[in-house]
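This report refers to the structure that appears directly beneath it.
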Amino acid sequence: MKCPQNYGYADGLNRITSAGETNTNGTNAGLGWSQQFAYNDAWGNRTLQAPTFSTGWSYPASFDATNRVTAGAGWTYSADYRGNLASTPEMGTMTYDAESRLQTATGPYGTAGFVYDGDGRRVVATHGGTDTVYVYDAMGQLAAEYGGPATGNGTEFLTQDHLGSTRLVTGAGGAVVERHDYAPFGEEIPAQGCGLPVGSPGRSPRCDIAGYGAASEVHLLFTGKERDGNTGLDYFGARYFSGAQGRFTSADQPLIDQFPQDPQSWNLFGYVRNNPLKFTDETGQDCIYTNNYNTNGSVTVSNEQGGCSGDGGTYVAGTVDPNSLSVNGNNGTLNYAYTPYDPNGNYTFSNLELPDPGLQALQLAGRMAEPGVSIATQGLRMFGYAVAAPAMVAAECVAGAPSCTKGNVAMALLPELGALKEGGLILKAGAATGKAAEIIQKAGGVAQAVKDFDALSGAESVNGAVRIKTFSDGSRAVLYTSTTTGKATIAIQEAGRTATKIRY
Amino acid sequence: MLTKLMEFDGNRMRDLVSGMTIFQGDSGYEFNPEWVQKRGWCVVPVEDSGHFADEEIGRIVPALDAAGFISCFAIGALDLPAEFANVHELSVSEEDFEAFNAEFGILRVLLTDTGLSWAISCNEWFNLFAGPKSLVEQMLGVPIDVARRDFLAYASLVEQGGTEGLLRVARQYS
């Protein structure tokens with residue numbers, strides 16, 4: 001099958017403007033497809049123009065000043081006062097709970113209901129009266145699924161592309177069970193006309209390849225997110241994403257990832273700044289570990305969702321692509337790719353030198369996160385979890401509530417103080433509650449410590465080698481250029497009392 | 001509640017502790033070996049947690065309370081900027097020790113009572129618990145030998161890069 005695909009970015013903002021596929025095998029020339037995307041405004045509200053394959057989905061056509069959908073192209077849309085998409089022709093009527101989590105969907109495909117736990121994770125999905133129960137591990141990763149429609153193929157293996165989308169499903173014997181291709185925003189490219197004779201003009205070339213068009217038993221599809229059978233929406237955590245509409249059905253938590261110079265960041269419904277082949281909206285995996293470097297000739301590189309809560313991790317200021325982790329054993333370089341929390345949305349590759357041999361041994365002490373530790377980071381840095389909690393806790397801490405003394409004040413850490421940790425190796429993790437200052441090792445010595453401290457914005461007091469900066473929320477940072485350890489140290493005390501020490 | 005002393009009273013407290021301590025420019029207050037030896041004190045280094053963890057406060061306060069102490073003083077190190085190099089009085093209560101953490105958690109400071117019956121010197125990397133062995137063990141919650149072993153493990157963790165600093169402290173107070 002030859003089906004070259006082409007993508008265009010013609011608007012100067014790295015937003016995708018066109019996508020298409022040309023069927024060149026000569027027999028099915030009519031089954032190529034194309035999509036033209038237009039953006040109505042600076043906020044990146046996307047409309048879809050001239051789609052040449054039909055997924056049966058409508059798409060938005062106009063938006064109000066708060067980026068809510070006001071009308072579809074020939075369809076009726078409505079949104080509630082919080083901006084949650086309340087009805088569309090194909091999804092029917094949707095209701096949301098007080099935290100804007102999808103609660104029910106009643107439409108042509110039946111009725112679905114969803115239940116969430118206290119951390120905002122979906123724990124029960126009900127379709128047609130049948131419950132599917134989702135169980136999560138201590139790290140918040142989906143660990144098991146019970147109930148729901150029975151599958152008959154036994155163990156299956158998923159092969160993913162660079163976005164984490166499932167492209168190939170194979171059985172235990174290696175036979176292809178399913179294949180999936182996607183349009184840029186995640187709609188599955190259909191294998192049309194498979195009932196027609198081979199060579200018929202209306203028969204897609206995908207019909208001639210095993211796996212396309214098969215009834216899908218795998219629901220982890222676009223970027224590895226679960227596609228809901230009733231609504232067709234992809235479950236990204238506390239919100240759902242509509243690939244056909246190129247946007248989320250409810251708003252992101254505001255004032256977390258917004259930048260004055262980046263209007264699209266203010267669109268709380270937008271998806272990865274409309275550059276979906278380059279970025280994914282992961283769940284805040286922002287720490288990497290090299291847990292057994294140099295001990296047995298091999299290296300296990302892993303990453304942690306939502307924070308660095310174990311010893312031996314390295315902070316990354318963004319969302320790590322778990323498929324990118326590798327180590328060059330010849331030069332001791334750890335390679336990884338991540339999506340930075342960058343107002344311009346630049347996707348960069350970074351190299352990080354592994355620490356010196358003495359510190360490598362420390363990495364053996366790598367511990368897993370304690371439950372709950374990383375929730376705050378997730379909430380602060382991504383859309384998926386703890387939608388309202390971080391802001392609430394931060395407010396409590398500023399007000400000096402008791403919770404501020406119990407460790408969760410970490411949620412209120414000022415971004416510039418948090419950024420100090422970037423690239424640092426965790427010698428000792430902080431604890432979720434009470435004790436334990438976090439200890440981080442950074443390179444660069446006194447000069448780097450001074451440079452980092454100079455970059456902080458707080459009001460400064462100085463006495464010789466000791467400099468103190470106090471911040472608007474009561475946080476404090478102290479630079480000691482001379483310490484017992486012989487290393488310059490920046491000690492950070494957040495607006496409560498959780499402490500972080502960065503040793504240079 | 002922490003009560004900031006007037007400068008005159010603060011200076012009196014500094015004078016009071018001047019024989020007990022040796023001010024080290026890179027760590028704050030350490031203890032004068034002669035003074036410690038003369039009184040038969042134990043000095044035990046402990047990992048700093050900016051400065052006291054909840055569970056430490058839960059041990060220190062009852063230990064001091066049981067020994068009859070009602071209040072103590074926090075003496076900011078002289079190398080701090082002037083507005084932080086103050087002396088505060090605090091009661092022996094969990095509330096005031098938490099307030100102490102909030103005010104001095106990453107600053108170099110000495111805690112002691114007016115009778116110099118015990119003292120805790122805090123800096124950014126470790127705290128030195130000093131006093132009669134029984135009181136120190138009650139504050140630590142473990143035998144002194146165990147506390148010293150714990151500190152050695154902590155010092156080894158931090159100093160694996162090859163520097164001597166905290167290992168020197170561990171040896172000095174072993």
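Numbering starts fresh at 1 for the residues of each chain in the structure tokens, the chains themselves are lettered A, B, ... in the order given, and ligands are numbered from 1 as they appear.
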* Shell around region 62-73 of chain B at 8 Å using only C-alpha atoms, local window under 6 positions removed, as a list in words -> Val87, His88, Glu89, Leu90, Ser91, Val92, Leu110, Leu111, Thr112, Asp113, Thr114, Leu135, Gln138 and Met139 of chain B
How would the residues just chosen look if you wrote them out with C-alpha atoms as an mmCIF file, in the first residue's frame?
```
data_model
loop_
_atom_site.group_PDB
_atom_site.id
_atom_site.type_symbol
_atom_site.label_atom_id
_atom_site.label_comp_id
_atom_site.auth_asym_id
_atom_site.auth_seq_id
_atom_site.Cartn_x
_atom_site.Cartn_y
_atom_site.Cartn_z
ATOM 1 C CA VAL B 87 17.109 36.828 69.282
ATOM 2 C CA HIS B 88 13.627 35.488 69.944
ATOM 3 C CA GLU B 89 12.015 33.903 72.958
ATOM 4 C CA LEU B 90 9.682 30.993 72.434
ATOM 5 C CA SER B 91 7.718 28.759 74.716
ATOM 6 C CA VAL B 92 8.348 25.042 74.926
ATOM 7 C CA LEU B 110 21.181 28.467 68.352
ATOM 8 C CA LEU B 111 18.408 27.302 70.676
ATOM 9 C CA THR B 112 19.082 27.245 74.406
ATOM 10 C CA ASP B 113 17.635 28.218 77.757
ATOM 11 C CA THR B 114 18.833 30.962 80.085
ATOM 12 C CA LEU B 135 17.958 14.678 77.993
ATOM 13 C CA GLN B 138 14.927 11.845 75.107
ATOM 14 C CA MET B 139 14.976 14.654 72.551
#
```
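Interatomic distance, CA of Thr231 (chain A) to CA of Ala138 (chain A): 28.8 Å.
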* **Point-to-point distance in Å for CA of Ala82 (chain B) and CA of Val44 (chain B)** => 29.1 Å
Can I get the residues of chain B within 7 Å of chain A, each with the closest pair of atoms and their distance in Å to one decimal, using only C-alpha atoms, sorted chain first then ascending number, as a Markdown table?
```
| residue | atom | partner | partner_atom | distance |
| --- | --- | --- | --- | --- |
| B:Asp26 | CA | A:Thr483 | CA | 4.4 |
| B:Ser27 | CA | A:Thr484 | CA | 5.5 |
| B:Ser49 | CA | A:Ala437 | CA | 4.9 |
| B:Gly50 | CA | A:Ala499 | CA | 5.6 |
| B:Ala53 | CA | A:Lys435 | CA | 4.0 |
| B:Asp54 | CA | A:Gly434 | CA | 4.9 |
| B:Asp79 | CA | A:Asn463 | CA | 6.4 |
| B:Leu80 | CA | A:Asn463 | CA | 5.9 |
| B:Pro81 | CA | A:Asn463 | CA | 4.5 |
| B:Asn101 | CA | A:Arg497 | CA | 6.4 |
| B:Ala102 | CA | A:Arg497 | CA | 5.3 |
| B:Gly105 | CA | A:Arg497 | CA | 6.7 |
| B:Ile106 | CA | A:Ala491 | CA | 6.1 |
| B:Val158 | CA | A:Leu427 | CA | 6.9 |
| B:Gln160 | CA | A:Gly358 | CA | 5.3 |
| B:Gly161 | CA | A:Gly358 | CA | 5.3 |
| B:Thr163 | CA | A:Gly486 | CA | 6.8 |
| B:Glu164 | CA | A:Thr485 | CA | 6.8 |
| B:Gly165 | CA | A:Thr485 | CA | 3.9 |
| B:Leu166 | CA | A:Thr485 | CA | 5.6 |
```
* Spatial neighbours of Ile22 (chain B), max dist 6 Å, only C-alpha atoms, sep filter under 4 positions, as JSON, numbers by chain -> {"B": [29, 30, 31, 32]}
Please produce a file of the residues just selected, as a compact mmCIF listing (two decimals), in the first residue's frame, where the atoms kept are C-alpha atoms.
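Result written to out-v4.txt:
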```txt
# COMPACT_ATOMS: atom_id res chain seq x y z
CA TYR B 29 27.30 27.83 66.13
CA GLU B 30 29.39 24.85 67.15
CA PHE B 31 30.19 23.95 70.73
CA ASN B 32 33.33 24.78 72.64
```
Residue neighbourhood Pro132 (chain B), 9 Å, only C-alpha atoms, exclusion window fewer than 2 positions, as a PDB file with N, CA and C atoms, in the first residue's frame:
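Saved file around.pdb follows:
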```pdb
ATOM      1  N   ARG B  39      31.200  20.039  81.429  1.00  0.00           N
ATOM      2  CA  ARG B  39      29.861  19.746  81.944  1.00  0.00           C
ATOM      3  C   ARG B  39      29.401  18.317  81.638  1.00  0.00           C
ATOM      4  N   GLY B  40      30.256  17.581  81.007  1.00  0.00           N
ATOM      5  CA  GLY B  40      29.903  16.197  80.713  1.00  0.00           C
ATOM      6  C   GLY B  40      28.749  16.058  79.734  1.00  0.00           C
ATOM      7  N   TRP B  41      28.656  17.034  78.830  1.00  0.00           N
ATOM      8  CA  TRP B  41      27.570  16.994  77.849  1.00  0.00           C
ATOM      9  C   TRP B  41      27.879  15.987  76.736  1.00  0.00           C
ATOM     10  N   CYS B  42      26.829  15.581  76.095  1.00  0.00           N
ATOM     11  CA  CYS B  42      26.939  14.874  74.820  1.00  0.00           C
ATOM     12  C   CYS B  42      26.556  15.857  73.718  1.00  0.00           C
ATOM     13  N   VAL B  43      27.221  15.757  72.599  1.00  0.00           N
ATOM     14  CA  VAL B  43      26.843  16.535  71.417  1.00  0.00           C
ATOM     15  C   VAL B  43      26.620  15.554  70.266  1.00  0.00           C
ATOM     16  N   SER B 117      21.247  24.906  80.077  1.00  0.00           N
ATOM     17  CA  SER B 117      21.120  23.516  80.512  1.00  0.00           C
ATOM     18  C   SER B 117      21.137  22.549  79.335  1.00  0.00           C
ATOM     19  N   TRP B 118      20.877  23.042  78.195  1.00  0.00           N
ATOM     20  CA  TRP B 118      20.885  22.261  76.965  1.00  0.00           C
ATOM     21  C   TRP B 118      20.994  23.251  75.802  1.00  0.00           C
ATOM     22  N   ALA B 130      22.856  19.177  72.079  1.00  0.00           N
ATOM     23  CA  ALA B 130      23.868  19.155  73.140  1.00  0.00           C
ATOM     24  C   ALA B 130      23.195  19.253  74.499  1.00  0.00           C
ATOM     25  N   SER B 134      20.962  11.940  79.084  1.00  0.00           N
ATOM     26  CA  SER B 134      19.578  11.467  79.196  1.00  0.00           C
ATOM     27  C   SER B 134      18.614  12.419  78.487  1.00  0.00           C
ATOM     28  N   LEU B 135      18.836  13.709  78.635  1.00  0.00           N
ATOM     29  CA  LEU B 135      17.958  14.678  77.993  1.00  0.00           C
ATOM     30  C   LEU B 135      18.128  14.628  76.471  1.00  0.00           C
ATOM     31  N   VAL B 136      19.368  14.532  76.031  1.00  0.00           N
ATOM     32  CA  VAL B 136      19.617  14.465  74.589  1.00  0.00           C
ATOM     33  C   VAL B 136      18.948  13.228  73.996  1.00  0.00           C
ATOM     34  N   GLU B 137      19.061  12.104  74.682  1.00  0.00           N
ATOM     35  CA  GLU B 137      18.444  10.879  74.154  1.00  0.00           C
ATOM     36  C   GLU B 137      16.926  10.992  74.130  1.00  0.00           C
TER      37      GLU B 137
END
```
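For the residues B:Asn86, B:Ile57, B:Leu116, B:Ala77, ranking by smallest atom-to-atom distance to Val36 (chain B) using only C-alpha atoms places B:Leu116 first.
Proximity of B:Arg149, B:Phe52, B:Ser18, B:Arg171 to Asp96 (chain B), computed with only C-alpha atoms, is greatest for B:Phe52.
With CA of Glu94 (chain B) on one side and CA of Phe129 (chain B) on the other, the separation reads 17.6 Å.
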* From chain B, collect each residue whose DSSP state is alpha helix (DSSP H) and return the set as a ChimeraX atom specification. => /B:7-17,33-39,54-66,94-104,133-140,144-158,165-172
Can I get the selection written as an mmCIF file, in the first residue's frame, with C-alpha atoms?
```cif
data_model
loop_
_atom_site.group_PDB
_atom_site.id
_atom_site.type_symbol
_atom_site.label_atom_id
_atom_site.label_comp_id
_atom_site.auth_asym_id
_atom_site.auth_seq_id
_atom_site.Cartn_x
_atom_site.Cartn_y
_atom_site.Cartn_z
ATOM 1 C CA GLU B 7 18.613 44.541 71.051
ATOM 2 C CA PHE B 8 19.974 45.026 74.562
ATOM 3 C CA ASP B 9 18.404 41.796 75.818
ATOM 4 C CA GLY B 10 19.482 39.981 72.698
ATOM 5 C CA ASN B 11 23.060 41.022 73.216
ATOM 6 C CA ARG B 12 22.869 39.757 76.791
ATOM 7 C CA MET B 13 21.873 36.335 75.478
ATOM 8 C CA ARG B 14 24.740 36.413 72.998
ATOM 9 C CA ASP B 15 27.131 37.228 75.783
ATOM 10 C CA LEU B 16 25.666 34.408 77.826
ATOM 11 C CA VAL B 17 26.350 31.774 75.179
ATOM 12 C CA PRO B 33 34.906 21.366 73.395
ATOM 13 C CA GLU B 34 36.238 22.547 76.756
ATOM 14 C CA TRP B 35 32.847 23.814 77.828
ATOM 15 C CA VAL B 36 31.169 20.579 76.716
ATOM 16 C CA GLN B 37 33.761 18.404 78.433
ATOM 17 C CA LYS B 38 33.589 20.366 81.656
ATOM 18 C CA ARG B 39 29.861 19.746 81.944
ATOM 19 C CA ASP B 54 7.082 17.144 62.963
ATOM 20 C CA GLU B 55 8.148 13.946 64.660
ATOM 21 C CA GLU B 56 11.229 15.669 66.103
ATOM 22 C CA ILE B 57 9.103 18.412 67.565
ATOM 23 C CA GLY B 58 6.898 15.681 68.948
ATOM 24 C CA ARG B 59 9.885 14.387 70.913
ATOM 25 C CA ILE B 60 11.757 17.576 71.776
ATOM 26 C CA VAL B 61 8.852 19.446 73.298
ATOM 27 C CA PRO B 62 7.733 16.652 75.681
ATOM 28 C CA ALA B 63 11.352 16.009 76.668
ATOM 29 C CA LEU B 64 11.981 19.657 77.561
ATOM 30 C CA ASP B 65 8.596 19.972 79.178
ATOM 31 C CA ALA B 66 9.238 16.920 81.350
ATOM 32 C CA GLU B 94 4.723 22.427 69.513
ATOM 33 C CA GLU B 95 3.111 25.593 68.246
ATOM 34 C CA ASP B 96 6.149 27.738 69.001
ATOM 35 C CA PHE B 97 8.596 25.178 67.642
ATOM 36 C CA GLU B 98 6.640 25.125 64.410
ATOM 37 C CA ALA B 99 6.775 28.915 64.392
ATOM 38 C CA PHE B 100 10.499 28.629 64.998
ATOM 39 C CA ASN B 101 10.790 26.452 61.915
ATOM 40 C CA ALA B 102 8.845 28.962 59.875
ATOM 41 C CA GLU B 103 11.067 31.835 60.976
ATOM 42 C CA PHE B 104 14.468 30.175 61.152
ATOM 43 C CA LYS B 133 22.988 12.413 77.839
ATOM 44 C CA SER B 134 19.578 11.467 79.196
ATOM 45 C CA LEU B 135 17.958 14.678 77.993
ATOM 46 C CA VAL B 136 19.617 14.465 74.589
ATOM 47 C CA GLU B 137 18.444 10.879 74.154
ATOM 48 C CA GLN B 138 14.927 11.845 75.107
ATOM 49 C CA MET B 139 14.976 14.654 72.551
ATOM 50 C CA LEU B 140 16.405 12.348 69.883
ATOM 51 C CA ILE B 144 23.041 8.370 71.076
ATOM 52 C CA ASP B 145 24.957 5.637 69.272
ATOM 53 C CA VAL B 146 22.028 5.049 66.975
ATOM 54 C CA ALA B 147 21.647 8.751 66.277
ATOM 55 C CA ARG B 148 25.333 9.025 65.437
ATOM 56 C CA ARG B 149 25.124 6.078 63.069
ATOM 57 C CA ASP B 150 22.117 7.659 61.386
ATOM 58 C CA PHE B 151 24.035 10.874 60.916
ATOM 59 C CA LEU B 152 27.023 9.056 59.484
ATOM 60 C CA ALA B 153 24.762 7.430 56.929
ATOM 61 C CA TYR B 154 23.292 10.815 56.041
ATOM 62 C CA ALA B 155 26.749 12.405 55.806
ATOM 63 C CA SER B 156 27.939 9.574 53.593
ATOM 64 C CA LEU B 157 24.959 10.071 51.322
ATOM 65 C CA VAL B 158 25.525 13.780 50.938
ATOM 66 C CA GLY B 165 32.411 18.329 55.204
ATOM 67 C CA LEU B 166 29.674 16.378 56.941
ATOM 68 C CA LEU B 167 31.893 13.339 57.428
ATOM 69 C CA ARG B 168 34.185 15.593 59.437
ATOM 70 C CA VAL B 169 31.239 16.573 61.597
ATOM 71 C CA ALA B 170 30.266 12.929 62.045
ATOM 72 C CA ARG B 171 33.783 12.040 63.160
ATOM 73 C CA GLN B 172 34.148 15.058 65.392
#
```
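Among the residues of region 19-86 of chain B, backbone DSSP assigns strand (DSSP E) to Thr21, Ile22, Phe23, Gln24, Gly28, Tyr29, Glu30, Phe31, Cys42, Val43, Val44, Pro45, Val46, Glu47, Ser71, Cys72, Phe73, Ala74, Ile75 and Gly76 of chain B.
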Dump of N, CA and C atoms for the selected residues, as a compact mmCIF listing (two decimals), in the first residue's frame:
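Contents of result.txt, as written:
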```
# COMPACT_ATOMS: atom_id res chain seq x y z
N THR B 21 29.89 28.42 73.01
CA THR B 21 29.92 28.18 71.57
C THR B 21 31.16 28.77 70.92
N ILE B 22 31.44 28.24 69.78
CA ILE B 22 32.46 28.81 68.90
C ILE B 22 31.74 29.10 67.59
N PHE B 23 31.80 30.33 67.18
CA PHE B 23 31.09 30.66 65.96
C PHE B 23 31.94 30.32 64.75
N GLN B 24 31.42 29.45 63.92
CA GLN B 24 32.12 29.05 62.70
C GLN B 24 31.46 29.76 61.53
N GLY B 28 27.70 28.29 61.38
CA GLY B 28 26.95 28.82 62.51
C GLY B 28 27.60 28.43 63.81
N TYR B 29 26.77 28.12 64.80
CA TYR B 29 27.30 27.83 66.13
C TYR B 29 27.73 26.38 66.27
N GLU B 30 28.97 26.17 66.69
CA GLU B 30 29.39 24.85 67.15
C GLU B 30 29.75 25.01 68.62
N PHE B 31 30.02 23.89 69.28
CA PHE B 31 30.19 23.95 70.73
C PHE B 31 31.67 23.92 71.11
N CYS B 42 26.83 15.58 76.09
CA CYS B 42 26.94 14.87 74.82
C CYS B 42 26.56 15.86 73.72
N VAL B 43 27.22 15.76 72.60
CA VAL B 43 26.84 16.53 71.42
C VAL B 43 26.62 15.55 70.27
N VAL B 44 25.44 15.60 69.70
CA VAL B 44 25.08 14.63 68.66
C VAL B 44 24.58 15.38 67.42
N PRO B 45 25.24 15.15 66.30
CA PRO B 45 24.75 15.78 65.07
C PRO B 45 23.57 15.01 64.47
N VAL B 46 22.64 15.75 63.93
CA VAL B 46 21.42 15.16 63.36
C VAL B 46 21.14 15.86 62.03
N GLU B 47 20.64 15.11 61.09
CA GLU B 47 20.26 15.70 59.81
C GLU B 47 19.28 16.85 60.03
N SER B 71 10.38 27.89 78.60
CA SER B 71 10.69 28.70 77.43
C SER B 71 12.17 28.56 77.08
N CYS B 72 12.53 29.05 75.92
CA CYS B 72 13.93 29.05 75.50
C CYS B 72 14.15 30.20 74.53
N PHE B 73 15.35 30.30 74.01
CA PHE B 73 15.70 31.44 73.17
C PHE B 73 16.33 30.96 71.86
N ALA B 74 15.98 31.63 70.79
CA ALA B 74 16.55 31.36 69.47
C ALA B 74 17.46 32.52 69.12
N ILE B 75 18.73 32.21 68.97
CA ILE B 75 19.74 33.26 68.74
C ILE B 75 20.24 33.14 67.30
N GLY B 76 19.84 34.07 66.48
CA GLY B 76 20.26 34.05 65.07
C GLY B 76 21.76 34.27 64.95
```
* Write out as a PyMOL selection string which residues come within 10 Å of Met94 (chain A) when counting only C-alpha atoms, dropping same-chain ones fewer than 6 positions away. => chain A and resi 78-80+84-88+102-107+111-113+231+249
